[in-house]
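This is start.cif (mmCIF, C-alpha atoms).
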data_entry
loop_
_atom_site.label_atom_id
_atom_site.label_comp_id
_atom_site.auth_asym_id
_atom_site.auth_seq_id
_atom_site.Cartn_x
_atom_site.Cartn_y
_atom_site.Cartn_z
CA MET G 898 0.00 0.00 0.00
CA ASP G 899 1.48 3.33 -1.10
CA ALA G 900 0.44 6.97 -1.53
CA THR G 901 -0.81 6.49 -5.08
CA SER G 902 -3.03 3.50 -4.27
CA ILE G 903 -4.54 5.22 -1.22
CA LEU G 904 -5.26 8.40 -3.18
CA ASP G 905 -6.85 6.29 -5.93
CA ARG G 906 -9.48 5.15 -3.42
CA CYS G 907 -10.10 8.58 -1.87
CA ARG G 908 -13.30 10.28 -2.95
CA PHE G 909 -12.35 13.59 -1.40
CA PHE G 910 -9.46 13.94 -3.84
CA GLY G 911 -11.10 11.86 -6.56
CA GLU G 912 -11.14 14.63 -9.16
CA VAL G 913 -7.57 15.81 -8.63
CA ARG G 914 -5.47 15.03 -11.70
CA GLY G 915 -2.18 15.82 -13.38
CA GLU G 916 0.34 18.04 -11.62
CA SER G 917 -2.01 18.64 -8.70
CA ARG G 918 -2.21 14.93 -7.99
CA ALA G 919 1.55 14.45 -8.40
CA ARG G 920 2.11 17.18 -5.84
CA LEU G 921 -0.11 15.43 -3.30
CA VAL G 922 1.71 12.13 -3.85
CA GLU G 923 5.08 13.83 -3.39
CA MET G 924 4.16 15.40 -0.04
CA ALA G 925 2.36 12.33 1.36
CA VAL G 926 3.66 10.39 4.37
CA LEU G 927 2.48 6.91 5.37
CA LYS G 928 1.47 6.60 9.03
CA ARG G 929 0.61 3.39 10.89
CA TYR G 930 -1.41 3.20 14.11
CA ASP G 931 -2.16 0.38 16.53
CA ARG G 932 -5.69 -0.30 17.69
CA GLY G 933 -6.71 2.36 20.19
CA GLU G 934 -3.72 4.60 19.43
CA THR G 935 -4.37 8.34 19.52
CA VAL G 936 -3.84 10.22 16.26
CA PHE G 937 -4.36 13.68 17.77
CA HIS G 938 -6.17 15.42 20.62
CA VAL G 939 -8.67 18.26 20.50
CA GLY G 940 -6.75 21.55 20.55
CA ASP G 941 -3.58 20.11 19.00
CA PRO G 942 -2.10 21.95 16.01
CA CYS G 943 -3.54 20.28 12.92
CA PRO G 944 -0.99 17.81 11.47
CA GLY G 945 -2.62 17.90 8.03
CA VAL G 946 -5.17 15.84 6.10
CA PHE G 947 -5.42 12.12 6.88
CA ILE G 948 -6.67 9.53 4.39
CA VAL G 949 -7.44 6.05 5.73
CA GLY G 950 -5.82 3.35 3.61
CA ASP G 951 -6.87 0.35 5.71
CA GLY G 952 -8.38 -0.14 9.14
CA ALA G 953 -10.61 2.56 10.60
CA ALA G 954 -10.47 5.67 12.78
CA LYS G 955 -12.93 7.61 14.87
CA VAL G 956 -13.24 11.37 15.28
CA PHE G 957 -14.88 12.16 18.60
CA LEU G 958 -15.48 14.53 21.49
CA VAL G 959 -15.73 13.69 25.19
CA GLY G 960 -18.48 15.27 27.26
CA ALA G 961 -18.19 16.52 30.83
CA SER G 962 -19.57 13.17 32.04
CA GLY G 963 -16.79 11.32 30.21
CA ARG G 964 -19.10 9.93 27.53
CA GLU G 965 -17.78 9.91 23.99
CA GLN G 966 -19.75 11.30 21.07
CA ILE G 967 -18.35 9.93 17.86
CA LEU G 968 -18.73 12.49 15.11
CA HIS G 969 -17.38 10.43 12.27
CA PHE G 970 -16.23 6.89 11.56
CA VAL G 971 -13.48 7.03 8.98
CA THR G 972 -13.19 3.94 6.81
CA PRO G 973 -10.77 3.22 3.93
CA GLY G 974 -10.94 5.82 1.18
CA ASN G 975 -12.22 8.55 3.50
CA THR G 976 -10.51 11.53 5.14
CA PHE G 977 -10.36 13.35 8.45
CA ALA G 978 -8.87 16.62 9.75
CA GLU G 979 -9.41 18.17 6.33
CA VAL G 980 -11.57 20.98 7.73
CA ALA G 981 -8.90 22.07 10.22
CA ALA G 982 -6.14 21.79 7.62
CA ILE G 983 -7.96 23.90 5.06
CA GLY G 984 -9.29 26.37 7.63
CA GLY G 985 -5.91 26.78 9.31
CA PHE G 986 -7.09 26.11 12.87
CA ASP G 987 -6.35 23.61 15.63
CA CYS G 988 -7.96 20.18 15.74
CA PRO G 989 -11.61 20.65 16.85
CA ALA G 990 -11.95 17.04 18.03
CA ASN G 991 -9.96 13.95 19.00
CA ALA G 992 -9.02 11.16 16.63
CA ALA G 993 -7.93 7.58 17.33
CA ALA G 994 -7.57 4.30 15.47
CA VAL G 995 -10.33 1.81 16.28
CA GLU G 996 -8.28 -1.02 14.75
CA ALA G 997 -4.78 -1.39 13.35
CA SER G 998 -4.74 1.19 10.56
CA THR G 999 -2.61 2.67 7.82
CA CYS G 1000 -3.21 6.32 6.95
CA LEU G 1001 -1.77 8.71 4.42
CA LEU G 1002 -0.92 12.13 5.86
CA LEU G 1003 -0.79 15.21 3.67
CA PRO G 1004 1.26 17.45 6.01
CA ASN G 1005 -0.26 20.78 6.91
CA GLY G 1006 2.48 23.08 5.60
CA PRO G 1007 2.90 21.60 2.10
CA PHE G 1008 -0.83 21.03 1.78
CA ARG G 1009 -1.78 24.61 2.62
CA GLN G 1010 0.89 25.87 0.22
CA ALA G 1011 -0.66 23.72 -2.51
CA LEU G 1012 -4.04 25.33 -1.81
CA GLN G 1013 -2.51 28.77 -2.29
CA ASP G 1014 -0.83 27.77 -5.54
CA ASP G 1015 -3.47 25.57 -7.19
CA HIS G 1016 -6.92 27.01 -7.90
CA GLN G 1017 -8.19 23.78 -9.49
CA LEU G 1018 -7.41 21.91 -6.28
CA CYS G 1019 -9.42 24.49 -4.34
CA LEU G 1020 -12.42 24.14 -6.66
CA GLN G 1021 -12.39 20.36 -6.30
CA LEU G 1022 -12.33 20.63 -2.52
CA LEU G 1023 -15.29 23.01 -2.53
CA ARG G 1024 -17.34 20.32 -4.24
CA SER G 1025 -16.20 17.79 -1.66
CA PHE G 1026 -17.20 20.07 1.21
CA ALA G 1027 -20.74 20.19 -0.08
CA GLY G 1028 -20.92 16.49 0.73
CA TRP G 1029 -19.54 17.14 4.22
CA VAL G 1030 -22.26 19.67 4.97
CA ARG G 1031 -24.83 17.09 3.97
CA HIS G 1032 -23.17 14.49 6.22
CA PHE G 1033 -23.28 16.66 9.34
CA VAL G 1034 -26.85 17.81 8.70
CA GLY G 1035 -27.77 14.14 8.56
CA LEU G 1036 -25.92 13.49 11.83
CA LEU G 1037 -27.88 16.27 13.53
CA GLU G 1038 -31.14 14.90 12.15
CA ASP G 1039 -30.28 11.44 13.45
CA ILE G 1040 -29.65 12.64 16.99
CA THR G 1041 -32.68 14.93 17.22
CA LEU G 1042 -35.36 13.41 14.95
CA ARG G 1043 -34.82 9.66 14.51
CA ASP G 1044 -35.32 6.82 16.96
CA ALA G 1045 -32.77 4.01 17.38
CA ALA G 1046 -34.07 1.95 14.46
CA GLY G 1047 -34.15 4.98 12.17
CA ARG G 1048 -30.58 5.97 13.05
CA LEU G 1049 -29.24 2.47 12.53
CA ALA G 1050 -31.16 1.96 9.29
CA ARG G 1051 -29.85 5.20 7.85
CA TYR G 1052 -26.30 4.35 8.89
CA LEU G 1053 -26.46 0.94 7.20
CA LEU G 1054 -27.89 2.39 4.00
CA LEU G 1055 -25.14 5.02 3.82
CA GLN G 1056 -22.44 2.43 4.51
CA GLN G 1057 -23.70 0.24 1.68
CA GLU G 1058 -23.65 3.22 -0.67
CA ASP G 1059 -20.04 3.92 0.31
CA GLY G 1060 -18.83 0.34 0.08
CA GLY G 1061 -21.09 -1.07 -2.61
CA GLY G 1062 -21.55 -4.44 -0.86
CA GLY G 1063 -21.53 -6.01 2.59
CA ILE G 1064 -21.22 -3.73 5.59
CA LYS G 1065 -18.36 -4.22 8.03
CA LEU G 1066 -19.13 -2.88 11.47
CA PRO G 1067 -16.41 -1.21 13.61
CA GLY G 1068 -14.21 -3.57 15.60
CA LEU G 1069 -16.17 -2.78 18.76
CA LYS G 1070 -19.92 -2.29 18.48
CA ARG G 1071 -19.83 0.24 21.31
CA HIS G 1072 -18.06 2.60 18.91
CA LEU G 1073 -21.03 2.41 16.56
CA ALA G 1074 -23.39 2.86 19.52
CA GLU G 1075 -21.53 6.01 20.56
CA HIS G 1076 -21.61 7.30 17.00
CA LEU G 1077 -25.40 6.85 16.87
CA ASN G 1078 -25.82 8.27 20.40
CA LEU G 1079 -27.21 4.96 21.68
CA THR G 1080 -26.29 2.61 24.49
CA SER G 1081 -24.65 -0.69 23.52
CA GLU G 1082 -27.72 -2.54 24.78
CA THR G 1083 -30.07 -0.45 22.63
CA LEU G 1084 -27.88 -1.04 19.58
CA SER G 1085 -27.91 -4.82 20.14
CA ARG G 1086 -31.70 -4.86 20.55
CA THR G 1087 -32.15 -2.77 17.42
CA LEU G 1088 -29.91 -5.04 15.36
CA ARG G 1089 -31.97 -8.02 16.51
CA ARG G 1090 -35.18 -6.17 15.66
CA LEU G 1091 -34.04 -5.43 12.10
CA THR G 1092 -32.80 -9.01 11.70
CA ASP G 1093 -36.04 -10.53 13.01
CA ALA G 1094 -37.98 -8.31 10.61
CA GLY G 1095 -36.00 -9.70 7.68
CA LEU G 1096 -34.47 -6.34 6.82
CA ILE G 1097 -30.83 -7.35 7.41
CA THR G 1098 -28.73 -10.46 7.93
CA GLU G 1099 -25.68 -10.60 10.18
CA ASP G 1100 -22.78 -13.07 10.40
CA GLU G 1101 -19.09 -13.03 11.31
CA HIS G 1102 -18.26 -11.16 8.10
CA GLY G 1103 -20.61 -8.25 8.78
CA ILE G 1104 -24.11 -7.17 7.77
CA ALA G 1105 -25.97 -7.50 4.50
CA ILE G 1106 -29.15 -5.61 3.63
CA ALA G 1107 -31.90 -8.11 2.80
CA ASP G 1108 -34.76 -5.65 2.23
CA ARG G 1109 -33.53 -2.24 1.11
CA VAL G 1110 -37.02 -0.80 0.57
CA GLY G 1111 -38.10 -1.82 4.05
CA LEU G 1112 -34.94 -0.41 5.58
CA GLU G 1113 -35.46 2.89 3.73
CA LYS G 1114 -38.94 3.14 5.24
CA ILE G 1115 -37.47 2.67 8.73
CA ALA G 1116 -34.78 5.30 8.04
CA ALA G 1117 -37.38 7.80 6.83
CA SER G 1118 -39.74 7.32 9.76
#

What would the structure in this file look like if it were written as structure tokens?
Amino acid sequence: MDATSILDRCRFFGEVRGESRARLVEMAVLKRYDRGETVFHVGDPCPGVFIVGDGAAKVFLVGASGREQILHFVTPGNTFAEVAAIGGFDCPANAAAVEASTCLLLPNGPFRQALQDDHQLCLQLLRSFAGWVRHFVGLLEDITLRDAAGRLARYLLLQQEDGGGGIKLPGLKRHLAEHLNLTSETLSRTLRRLTDAGLITEDEHGIAIADRVGLEKIAAS
């Protein structure tokens, strides 16, 4: 796994071509993290843009009670810390590997210089940020408007769209529960409910959607 292959899978930089792409490859640094290892803390200077090559990471905040709220699960082909890198501010959340992971880092200094030099790169990133706005609006809707089944159904549908096949859950289901603002017990009950209803199947390899139309109805309720 190298910089070129990881960038090839990254949607955020999917439209970057030619000299712009070569510049990203040249600045890129491979980083490897053990399961549970911290990538950065909230308030740290932003290291740059991270692209997950394999494994998975979580971006999260910790409340006053000590409870985590996972803002984003980052799976292969996706990015994190891009907002802080482009905006030029410190990390607004924590990040950690949820399993052994390989990431590509586009270091902050060279990356921000590329933004100043390359207008086409900036235009491509504007289009990518439109998708990020949509993602966080959906996260807010999940927390405030959807019940447990609706949140989980929407998550599974989005994961299938991203991966195009079976859905691999995070290494620890509690991470998914925290992301959906549920308890682990509620998540387990909801998975059983969707399975018993014939909407999904689950085995050691992950989850498959058995009835997409039915799951879409749950997500929209």

Problem - Neighbour residues at most 12 Å from (-13.4, 8.3, 6.5) (only C-alpha atoms) as JSON, numbers by chain - result: {"G": [906, 907, 908, 909, 946, 947, 948, 949, 950, 951, 952, 953, 954, 955, 956, 968, 969, 970, 971, 972, 973, 974, 975, 976, 977, 978, 979, 992, 994, 998, 1000, 1001, 1029, 1032, 1056, 1059, 1060]}

Handout entry: atom CA of Leu1003 of chain G to atom CA of Gly945 of chain G, straight-line distance in Å
Key =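 Answer for the atom CA of Gly945 of chain G to atom CA of Leu1003 of chain G separation: 5.4 Å.
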
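Shortest separation to Arg1043 of chain G among G:Val913, G:Leu927, G:Ile1064, G:Leu1079 occurs at residue G:Leu1079, atoms counted being only C-alpha atoms.
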
Handout entry: Residue contacts of segment 928-944 of chain G (7 Å, all atoms listed in the file) excluding same-chain residues fewer than 4 positions away, as JSON, numbers by chain
Key = {"G": [981, 982, 986, 987, 988, 989, 990, 991, 992, 993, 994, 995, 996, 997, 998, 999, 1000, 1001, 1002, 1004, 1005]}

Handout entry: Residues selected by the PyMOL selection byres ((chain G and resi 1084-1098) around 8), written as a list of chain:residue names
Key =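 Evaluating the PyMOL selection byres ((chain G and resi 1084-1098) around 8) on this file yields G:Ala1045, G:Ala1046, G:Leu1049, G:Ala1074, G:Leu1079, G:Thr1080, G:Ser1081, G:Glu1082, G:Thr1083, G:Glu1099, G:Asp1100, G:Ile1104, G:Ala1105, G:Ile1106, G:Ala1107, G:Asp1108, G:Arg1109, G:Gly1111, G:Leu1112.
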
Practice task
Show which residues sit within 9 Å of segment 1016-1026 of chain G, as a list in words. Count all atoms listed in the file, and ignore same-chain residues fewer than 6 positions away.
Solution key: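 With the cut-off at 9 Å, the set is Arg908, Phe909, Phe910, Gly911, Glu912, Val913, Arg914, Ser917, Arg918 and Val980 of chain G.
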
Problem - Atom pair atom CA of Gly915 of chain G / atom CA of Phe1008 of chain G: separation (Å) - result: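 It comes out at 16.1 Å.
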
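Counting from atom CA of Ala900 of chain G, the distance to atom CA of Ala919 of chain G is 10.2 Å.
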
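Shortest separation to Asn1078 of chain G among G:Asp899, G:Asp1015, G:Glu1101, G:Glu965 occurs at residue G:Glu965, atoms counted being only C-alpha atoms.
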
For segment 1081-1095 of chain G, what centre and edge lengths in Å (one decimal) does the axis-aligned box get once 8 Å is added on each side of all its listed atoms, as JSON?
{"center_x": -31.3, "center_y": -5.5, "center_z": 16.2, "size_x": 29.3, "size_y": 26.1, "size_z": 33.1}
